[in-house]
Amino acid sequence: MFGHQIKRVYFRLFALGLVRSRREYARVWLGRAQTMMRDMHAMGRLNTLVRRDAVDHLRSRLDAIASILPAGVARDVKLVITEIDCDVRIASQLMAGR
């Protein structure tokens, strides 16, 4: 996934009420430094790849939480997971073409 895709997921989770801040998102959901989102934006790295372990951490946390959420919210979270999987495939194809 690219930085702008990770940022889009942040806004989706924020809208669902699952995350309160960019710092929390980076630390808890991505398993990265709490300043990751700010740094990525400030350094103009929204079009660079995000580490695969961060994406895997995000996806596994979403998978785990989807099973305990009310059905409507769980459906939205599963849609986010589907979008992540699609974004990972797109990023892989783009990078393979380099």
# chains A, B, ... in the order shown; residues from 1 in each chain; ligands from 1
>>> residues_around(residues="stretch 4-12 of chain A", least_positions_apart="5", cutoff="9 Å", atoms="only C-alpha atoms", output="PDB file with C-alpha atoms, in the first residue's frame")
ATOM      1  CA  GLY A  17     -15.277   5.840  15.492  1.00  0.00           C
ATOM      2  CA  LEU A  18     -12.592   3.155  15.737  1.00  0.00           C
ATOM      3  CA  VAL A  19      -9.664   5.558  15.927  1.00  0.00           C
ATOM      4  CA  SER A  21      -6.158  10.396  16.240  1.00  0.00           C
ATOM      5  CA  ARG A  22      -3.413   9.921  13.666  1.00  0.00           C
ATOM      6  CA  TYR A  25      -3.710   5.013  14.319  1.00  0.00           C
ATOM      7  CA  MET A  37       1.316   9.879   9.724  1.00  0.00           C
ATOM      8  CA  HIS A  41       2.687  13.903   5.119  1.00  0.00           C
ATOM      9  CA  ARG A  45       5.871  10.540   1.216  1.00  0.00           C
ATOM     10  CA  LEU A  46       2.216   9.894   0.460  1.00  0.00           C
ATOM     11  CA  ASN A  47       3.225   8.210  -2.824  1.00  0.00           C
ATOM     12  CA  THR A  48       5.782   5.866  -1.269  1.00  0.00           C
ATOM     13  CA  VAL A  50       4.298   1.710   3.486  1.00  0.00           C
ATOM     14  CA  VAL A  55      -0.111  -3.144   6.508  1.00  0.00           C
ATOM     15  CA  VAL A  77     -14.762  -2.961   8.642  1.00  0.00           C
ATOM     16  CA  VAL A  80     -12.151  -1.693   4.572  1.00  0.00           C
ATOM     17  CA  GLU A  83     -10.120  -2.336   0.044  1.00  0.00           C
ATOM     18  CA  ILE A  84      -6.777  -2.956   1.779  1.00  0.00           C
ATOM     19  CA  ASP A  87      -4.712  -1.697  -2.584  1.00  0.00           C
TER      20      ASP A  87
END
>>> residues_around(residues="A:Arg51", least_positions_apart="3", cutoff="12 Å", atoms="only C-alpha atoms", output="PyMOL selection string")
chain A and resi 1-3+6+30-32+36+48+54-58+88+91
>>> select_by_dssp(residues="chain A", states="helix (DSSP H, G or I)", output="MDAnalysis selection string")
chainID A and resid 3:15 22:29 36:42 52:66 71:96
>>> write_last_selection(atoms="C-alpha atoms", output="PDB file, in the first residue's frame")
ATOM      1  CA  GLY A   3       0.934   6.350   1.968  1.00  0.00           C
ATOM      2  CA  HIS A   4      -2.146   7.995   0.491  1.00  0.00           C
ATOM      3  CA  GLN A   5      -4.016   4.676   0.772  1.00  0.00           C
ATOM      4  CA  ILE A   6      -3.027   4.276   4.433  1.00  0.00           C
ATOM      5  CA  LYS A   7      -4.247   7.825   4.990  1.00  0.00           C
ATOM      6  CA  ARG A   8      -7.585   7.006   3.346  1.00  0.00           C
ATOM      7  CA  VAL A   9      -8.003   3.999   5.663  1.00  0.00           C
ATOM      8  CA  TYR A  10      -7.317   6.283   8.632  1.00  0.00           C
ATOM      9  CA  PHE A  11     -10.183   8.571   7.616  1.00  0.00           C
ATOM     10  CA  ARG A  12     -12.508   5.575   7.169  1.00  0.00           C
ATOM     11  CA  LEU A  13     -11.676   4.229  10.640  1.00  0.00           C
ATOM     12  CA  PHE A  14     -11.997   7.708  12.121  1.00  0.00           C
ATOM     13  CA  ALA A  15     -15.471   8.061  10.582  1.00  0.00           C
ATOM     14  CA  ARG A  22      -3.413   9.921  13.666  1.00  0.00           C
ATOM     15  CA  ARG A  23      -1.011   9.174  16.509  1.00  0.00           C
ATOM     16  CA  GLU A  24      -3.227   6.381  17.836  1.00  0.00           C
ATOM     17  CA  TYR A  25      -3.710   5.013  14.319  1.00  0.00           C
ATOM     18  CA  ALA A  26       0.029   4.843  13.666  1.00  0.00           C
ATOM     19  CA  ARG A  27       0.902   3.354  17.049  1.00  0.00           C
ATOM     20  CA  VAL A  28      -1.989   0.963  17.689  1.00  0.00           C
ATOM     21  CA  TRP A  29      -3.294   0.047  14.245  1.00  0.00           C
ATOM     22  CA  MET A  36       4.365   8.232  11.283  1.00  0.00           C
ATOM     23  CA  MET A  37       1.316   9.879   9.724  1.00  0.00           C
ATOM     24  CA  ARG A  38       2.553  13.407  10.399  1.00  0.00           C
ATOM     25  CA  ASP A  39       6.048  12.592   9.152  1.00  0.00           C
ATOM     26  CA  MET A  40       4.775  10.862   6.022  1.00  0.00           C
ATOM     27  CA  HIS A  41       2.687  13.903   5.119  1.00  0.00           C
ATOM     28  CA  ALA A  42       5.319  16.502   6.068  1.00  0.00           C
ATOM     29  CA  ARG A  52       4.433  -4.474   4.583  1.00  0.00           C
ATOM     30  CA  ASP A  53       4.558  -5.336   8.297  1.00  0.00           C
ATOM     31  CA  ALA A  54       2.539  -2.185   9.068  1.00  0.00           C
ATOM     32  CA  VAL A  55      -0.111  -3.144   6.508  1.00  0.00           C
ATOM     33  CA  ASP A  56      -0.213  -6.708   7.845  1.00  0.00           C
ATOM     34  CA  HIS A  57      -0.578  -5.384  11.407  1.00  0.00           C
ATOM     35  CA  LEU A  58      -3.456  -3.127  10.339  1.00  0.00           C
ATOM     36  CA  ARG A  59      -5.234  -5.900   8.481  1.00  0.00           C
ATOM     37  CA  SER A  60      -4.906  -8.414  11.315  1.00  0.00           C
ATOM     38  CA  ARG A  61      -6.217  -5.895  13.868  1.00  0.00           C
ATOM     39  CA  LEU A  62      -9.187  -5.109  11.650  1.00  0.00           C
ATOM     40  CA  ASP A  63      -9.861  -8.814  11.157  1.00  0.00           C
ATOM     41  CA  ALA A  64      -9.805  -9.389  14.913  1.00  0.00           C
ATOM     42  CA  ILE A  65     -12.040  -6.469  15.789  1.00  0.00           C
ATOM     43  CA  ALA A  66     -14.601  -7.218  13.045  1.00  0.00           C
ATOM     44  CA  ALA A  71     -23.097  -6.414  12.438  1.00  0.00           C
ATOM     45  CA  GLY A  72     -23.396  -3.039  10.670  1.00  0.00           C
ATOM     46  CA  VAL A  73     -19.996  -1.777  11.784  1.00  0.00           C
ATOM     47  CA  ALA A  74     -18.426  -5.201  11.188  1.00  0.00           C
ATOM     48  CA  ARG A  75     -19.691  -5.057   7.595  1.00  0.00           C
ATOM     49  CA  ASP A  76     -18.017  -1.653   7.145  1.00  0.00           C
ATOM     50  CA  VAL A  77     -14.762  -2.961   8.642  1.00  0.00           C
ATOM     51  CA  LYS A  78     -14.828  -5.973   6.304  1.00  0.00           C
ATOM     52  CA  LEU A  79     -15.259  -3.578   3.400  1.00  0.00           C
ATOM     53  CA  VAL A  80     -12.151  -1.693   4.572  1.00  0.00           C
ATOM     54  CA  ILE A  81     -10.267  -5.024   4.707  1.00  0.00           C
ATOM     55  CA  THR A  82     -11.359  -5.779   1.136  1.00  0.00           C
ATOM     56  CA  GLU A  83     -10.120  -2.336   0.044  1.00  0.00           C
ATOM     57  CA  ILE A  84      -6.777  -2.956   1.779  1.00  0.00           C
ATOM     58  CA  ASP A  85      -6.375  -6.273  -0.059  1.00  0.00           C
ATOM     59  CA  CYS A  86      -7.149  -4.535  -3.352  1.00  0.00           C
ATOM     60  CA  ASP A  87      -4.712  -1.697  -2.584  1.00  0.00           C
ATOM     61  CA  VAL A  88      -1.957  -4.208  -1.756  1.00  0.00           C
ATOM     62  CA  ARG A  89      -2.488  -5.991  -5.085  1.00  0.00           C
ATOM     63  CA  ILE A  90      -2.449  -2.706  -7.004  1.00  0.00           C
ATOM     64  CA  ALA A  91       0.723  -1.520  -5.261  1.00  0.00           C
ATOM     65  CA  SER A  92       2.414  -4.875  -5.961  1.00  0.00           C
ATOM     66  CA  GLN A  93       1.524  -4.683  -9.645  1.00  0.00           C
ATOM     67  CA  LEU A  94       2.742  -1.102  -9.911  1.00  0.00           C
ATOM     68  CA  MET A  95       6.028  -1.954  -8.221  1.00  0.00           C
ATOM     69  CA  ALA A  96       6.510  -5.059 -10.399  1.00  0.00           C
TER      70      ALA A  96
END
>>> decode(residues="stretch 4-52 of chain A", atoms="N, CA and C atoms", output="PDB file, in the first residue's frame")
ATOM      1  N   HIS A   4      -0.821   7.375   0.647  1.00  0.00           N
ATOM      2  CA  HIS A   4      -2.146   7.995   0.491  1.00  0.00           C
ATOM      3  C   HIS A   4      -3.265   6.987   0.744  1.00  0.00           C
ATOM      4  N   GLN A   5      -3.007   5.706   0.498  1.00  0.00           N
ATOM      5  CA  GLN A   5      -4.016   4.676   0.772  1.00  0.00           C
ATOM      6  C   GLN A   5      -4.145   4.423   2.277  1.00  0.00           C
ATOM      7  N   ILE A   6      -3.013   4.429   2.969  1.00  0.00           N
ATOM      8  CA  ILE A   6      -3.027   4.276   4.433  1.00  0.00           C
ATOM      9  C   ILE A   6      -3.772   5.454   5.060  1.00  0.00           C
ATOM     10  N   LYS A   7      -3.559   6.635   4.493  1.00  0.00           N
ATOM     11  CA  LYS A   7      -4.247   7.825   4.990  1.00  0.00           C
ATOM     12  C   LYS A   7      -5.757   7.708   4.773  1.00  0.00           C
ATOM     13  N   ARG A   8      -6.162   7.200   3.624  1.00  0.00           N
ATOM     14  CA  ARG A   8      -7.585   7.006   3.346  1.00  0.00           C
ATOM     15  C   ARG A   8      -8.213   6.030   4.347  1.00  0.00           C
ATOM     16  N   VAL A   9      -7.495   4.962   4.676  1.00  0.00           N
ATOM     17  CA  VAL A   9      -8.003   3.999   5.663  1.00  0.00           C
ATOM     18  C   VAL A   9      -8.156   4.681   7.018  1.00  0.00           C
ATOM     19  N   TYR A  10      -7.202   5.543   7.368  1.00  0.00           N
ATOM     20  CA  TYR A  10      -7.317   6.283   8.632  1.00  0.00           C
ATOM     21  C   TYR A  10      -8.637   7.057   8.684  1.00  0.00           C
ATOM     22  N   PHE A  11      -8.947   7.782   7.629  1.00  0.00           N
ATOM     23  CA  PHE A  11     -10.183   8.571   7.616  1.00  0.00           C
ATOM     24  C   PHE A  11     -11.424   7.680   7.701  1.00  0.00           C
ATOM     25  N   ARG A  12     -11.373   6.511   7.072  1.00  0.00           N
ATOM     26  CA  ARG A  12     -12.508   5.575   7.169  1.00  0.00           C
ATOM     27  C   ARG A  12     -12.693   5.102   8.607  1.00  0.00           C
ATOM     28  N   LEU A  13     -11.586   4.719   9.260  1.00  0.00           N
ATOM     29  CA  LEU A  13     -11.676   4.229  10.640  1.00  0.00           C
ATOM     30  C   LEU A  13     -12.072   5.349  11.593  1.00  0.00           C
ATOM     31  N   PHE A  14     -11.613   6.554  11.311  1.00  0.00           N
ATOM     32  CA  PHE A  14     -11.997   7.708  12.121  1.00  0.00           C
ATOM     33  C   PHE A  14     -13.510   7.932  12.011  1.00  0.00           C
ATOM     34  N   ALA A  15     -14.032   7.869  10.805  1.00  0.00           N
ATOM     35  CA  ALA A  15     -15.471   8.061  10.582  1.00  0.00           C
ATOM     36  C   ALA A  15     -16.299   6.976  11.272  1.00  0.00           C
ATOM     37  N   LEU A  16     -15.740   5.772  11.379  1.00  0.00           N
ATOM     38  CA  LEU A  16     -16.433   4.675  12.055  1.00  0.00           C
ATOM     39  C   LEU A  16     -16.306   4.760  13.578  1.00  0.00           C
ATOM     40  N   GLY A  17     -15.470   5.688  14.053  1.00  0.00           N
ATOM     41  CA  GLY A  17     -15.277   5.840  15.492  1.00  0.00           C
ATOM     42  C   GLY A  17     -14.324   4.823  16.091  1.00  0.00           C
ATOM     43  N   LEU A  18     -13.517   4.178  15.247  1.00  0.00           N
ATOM     44  CA  LEU A  18     -12.592   3.155  15.737  1.00  0.00           C
ATOM     45  C   LEU A  18     -11.225   3.713  16.091  1.00  0.00           C
ATOM     46  N   VAL A  19     -10.946   4.919  15.637  1.00  0.00           N
ATOM     47  CA  VAL A  19      -9.664   5.558  15.927  1.00  0.00           C
ATOM     48  C   VAL A  19      -9.935   7.027  16.242  1.00  0.00           C
ATOM     49  N   ARG A  20      -9.170   7.569  17.177  1.00  0.00           N
ATOM     50  CA  ARG A  20      -9.399   8.953  17.612  1.00  0.00           C
ATOM     51  C   ARG A  20      -8.385   9.947  17.075  1.00  0.00           C
ATOM     52  N   SER A  21      -7.192   9.468  16.697  1.00  0.00           N
ATOM     53  CA  SER A  21      -6.158  10.396  16.240  1.00  0.00           C
ATOM     54  C   SER A  21      -5.191   9.686  15.297  1.00  0.00           C
ATOM     55  N   ARG A  22      -4.437  10.488  14.548  1.00  0.00           N
ATOM     56  CA  ARG A  22      -3.413   9.921  13.666  1.00  0.00           C
ATOM     57  C   ARG A  22      -2.332   9.229  14.475  1.00  0.00           C
ATOM     58  N   ARG A  23      -2.034   9.779  15.646  1.00  0.00           N
ATOM     59  CA  ARG A  23      -1.011   9.174  16.509  1.00  0.00           C
ATOM     60  C   ARG A  23      -1.449   7.785  16.972  1.00  0.00           C
ATOM     61  N   GLU A  24      -2.698   7.682  17.409  1.00  0.00           N
ATOM     62  CA  GLU A  24      -3.227   6.381  17.836  1.00  0.00           C
ATOM     63  C   GLU A  24      -3.237   5.395  16.666  1.00  0.00           C
ATOM     64  N   TYR A  25      -3.656   5.863  15.512  1.00  0.00           N
ATOM     65  CA  TYR A  25      -3.710   5.013  14.319  1.00  0.00           C
ATOM     66  C   TYR A  25      -2.330   4.441  14.001  1.00  0.00           C
ATOM     67  N   ALA A  26      -1.321   5.302  13.984  1.00  0.00           N
ATOM     68  CA  ALA A  26       0.029   4.843  13.666  1.00  0.00           C
ATOM     69  C   ALA A  26       0.546   3.856  14.710  1.00  0.00           C
ATOM     70  N   ARG A  27       0.352   4.179  15.971  1.00  0.00           N
ATOM     71  CA  ARG A  27       0.902   3.354  17.049  1.00  0.00           C
ATOM     72  C   ARG A  27       0.134   2.050  17.217  1.00  0.00           C
ATOM     73  N   VAL A  28      -1.178   2.137  17.356  1.00  0.00           N
ATOM     74  CA  VAL A  28      -1.989   0.963  17.689  1.00  0.00           C
ATOM     75  C   VAL A  28      -2.341   0.132  16.455  1.00  0.00           C
ATOM     76  N   TRP A  29      -2.785   0.775  15.405  1.00  0.00           N
ATOM     77  CA  TRP A  29      -3.294   0.047  14.245  1.00  0.00           C
ATOM     78  C   TRP A  29      -2.209  -0.354  13.255  1.00  0.00           C
ATOM     79  N   LEU A  30      -1.154   0.460  13.143  1.00  0.00           N
ATOM     80  CA  LEU A  30      -0.076   0.148  12.200  1.00  0.00           C
ATOM     81  C   LEU A  30       1.156  -0.435  12.879  1.00  0.00           C
ATOM     82  N   GLY A  31       1.237  -0.294  14.201  1.00  0.00           N
ATOM     83  CA  GLY A  31       2.400  -0.799  14.923  1.00  0.00           C
ATOM     84  C   GLY A  31       3.663  -0.009  14.626  1.00  0.00           C
ATOM     85  N   ARG A  32       3.512   1.261  14.322  1.00  0.00           N
ATOM     86  CA  ARG A  32       4.639   2.128  13.959  1.00  0.00           C
ATOM     87  C   ARG A  32       4.757   3.267  14.968  1.00  0.00           C
ATOM     88  N   ALA A  33       5.739   4.126  14.760  1.00  0.00           N
ATOM     89  CA  ALA A  33       5.916   5.292  15.630  1.00  0.00           C
ATOM     90  C   ALA A  33       4.684   6.182  15.534  1.00  0.00           C
ATOM     91  N   GLN A  34       4.324   6.793  16.646  1.00  0.00           N
ATOM     92  CA  GLN A  34       3.094   7.587  16.667  1.00  0.00           C
ATOM     93  C   GLN A  34       3.152   8.823  15.775  1.00  0.00           C
ATOM     94  N   THR A  35       4.328   9.204  15.330  1.00  0.00           N
ATOM     95  CA  THR A  35       4.450  10.367  14.439  1.00  0.00           C
ATOM     96  C   THR A  35       4.469   9.969  12.957  1.00  0.00           C
ATOM     97  N   MET A  36       4.257   8.718  12.664  1.00  0.00           N
ATOM     98  CA  MET A  36       4.365   8.232  11.283  1.00  0.00           C
ATOM     99  C   MET A  36       3.491   9.010  10.305  1.00  0.00           C
ATOM    100  N   MET A  37       2.231   9.207  10.647  1.00  0.00           N
ATOM    101  CA  MET A  37       1.316   9.879   9.724  1.00  0.00           C
ATOM    102  C   MET A  37       1.747  11.324   9.478  1.00  0.00           C
ATOM    103  N   ARG A  38       2.104  12.019  10.537  1.00  0.00           N
ATOM    104  CA  ARG A  38       2.553  13.407  10.399  1.00  0.00           C
ATOM    105  C   ARG A  38       3.823  13.472   9.557  1.00  0.00           C
ATOM    106  N   ASP A  39       4.778  12.591   9.871  1.00  0.00           N
ATOM    107  CA  ASP A  39       6.048  12.592   9.152  1.00  0.00           C
ATOM    108  C   ASP A  39       5.858  12.255   7.673  1.00  0.00           C
ATOM    109  N   MET A  40       5.021  11.277   7.399  1.00  0.00           N
ATOM    110  CA  MET A  40       4.775  10.862   6.022  1.00  0.00           C
ATOM    111  C   MET A  40       4.205  12.034   5.211  1.00  0.00           C
ATOM    112  N   HIS A  41       3.298  12.762   5.810  1.00  0.00           N
ATOM    113  CA  HIS A  41       2.687  13.903   5.119  1.00  0.00           C
ATOM    114  C   HIS A  41       3.687  15.052   4.991  1.00  0.00           C
ATOM    115  N   ALA A  42       4.381  15.374   6.066  1.00  0.00           N
ATOM    116  CA  ALA A  42       5.319  16.502   6.068  1.00  0.00           C
ATOM    117  C   ALA A  42       6.479  16.285   5.105  1.00  0.00           C
ATOM    118  N   MET A  43       6.908  15.043   4.955  1.00  0.00           N
ATOM    119  CA  MET A  43       8.053  14.742   4.092  1.00  0.00           C
ATOM    120  C   MET A  43       7.636  14.428   2.657  1.00  0.00           C
ATOM    121  N   GLY A  44       6.348  14.580   2.373  1.00  0.00           N
ATOM    122  CA  GLY A  44       5.874  14.336   1.016  1.00  0.00           C
ATOM    123  C   GLY A  44       5.982  12.883   0.588  1.00  0.00           C
ATOM    124  N   ARG A  45       5.724  11.967   1.513  1.00  0.00           N
ATOM    125  CA  ARG A  45       5.871  10.540   1.216  1.00  0.00           C
ATOM    126  C   ARG A  45       4.533   9.819   1.042  1.00  0.00           C
ATOM    127  N   LEU A  46       3.523  10.530   0.638  1.00  0.00           N
ATOM    128  CA  LEU A  46       2.216   9.894   0.460  1.00  0.00           C
ATOM    129  C   LEU A  46       2.191   8.948  -0.738  1.00  0.00           C
ATOM    130  N   ASN A  47       3.158   9.086  -1.648  1.00  0.00           N
ATOM    131  CA  ASN A  47       3.225   8.210  -2.824  1.00  0.00           C
ATOM    132  C   ASN A  47       4.310   7.152  -2.705  1.00  0.00           C
ATOM    133  N   THR A  48       4.798   6.924  -1.486  1.00  0.00           N
ATOM    134  CA  THR A  48       5.782   5.866  -1.269  1.00  0.00           C
ATOM    135  C   THR A  48       5.105   4.679  -0.599  1.00  0.00           C
ATOM    136  N   LEU A  49       5.730   3.529  -0.740  1.00  0.00           N
ATOM    137  CA  LEU A  49       5.181   2.317  -0.137  1.00  0.00           C
ATOM    138  C   LEU A  49       5.310   2.359   1.375  1.00  0.00           C
ATOM    139  N   VAL A  50       4.281   1.879   2.034  1.00  0.00           N
ATOM    140  CA  VAL A  50       4.298   1.710   3.486  1.00  0.00           C
ATOM    141  C   VAL A  50       4.830   0.305   3.746  1.00  0.00           C
ATOM    142  N   ARG A  51       5.602   0.156   4.810  1.00  0.00           N
ATOM    143  CA  ARG A  51       6.175  -1.154   5.126  1.00  0.00           C
ATOM    144  C   ARG A  51       5.091  -2.227   5.195  1.00  0.00           C
ATOM    145  N   ARG A  52       5.407  -3.375   4.635  1.00  0.00           N
ATOM    146  CA  ARG A  52       4.433  -4.474   4.583  1.00  0.00           C
ATOM    147  C   ARG A  52       4.002  -4.919   5.980  1.00  0.00           C
TER     148      ARG A  52
END
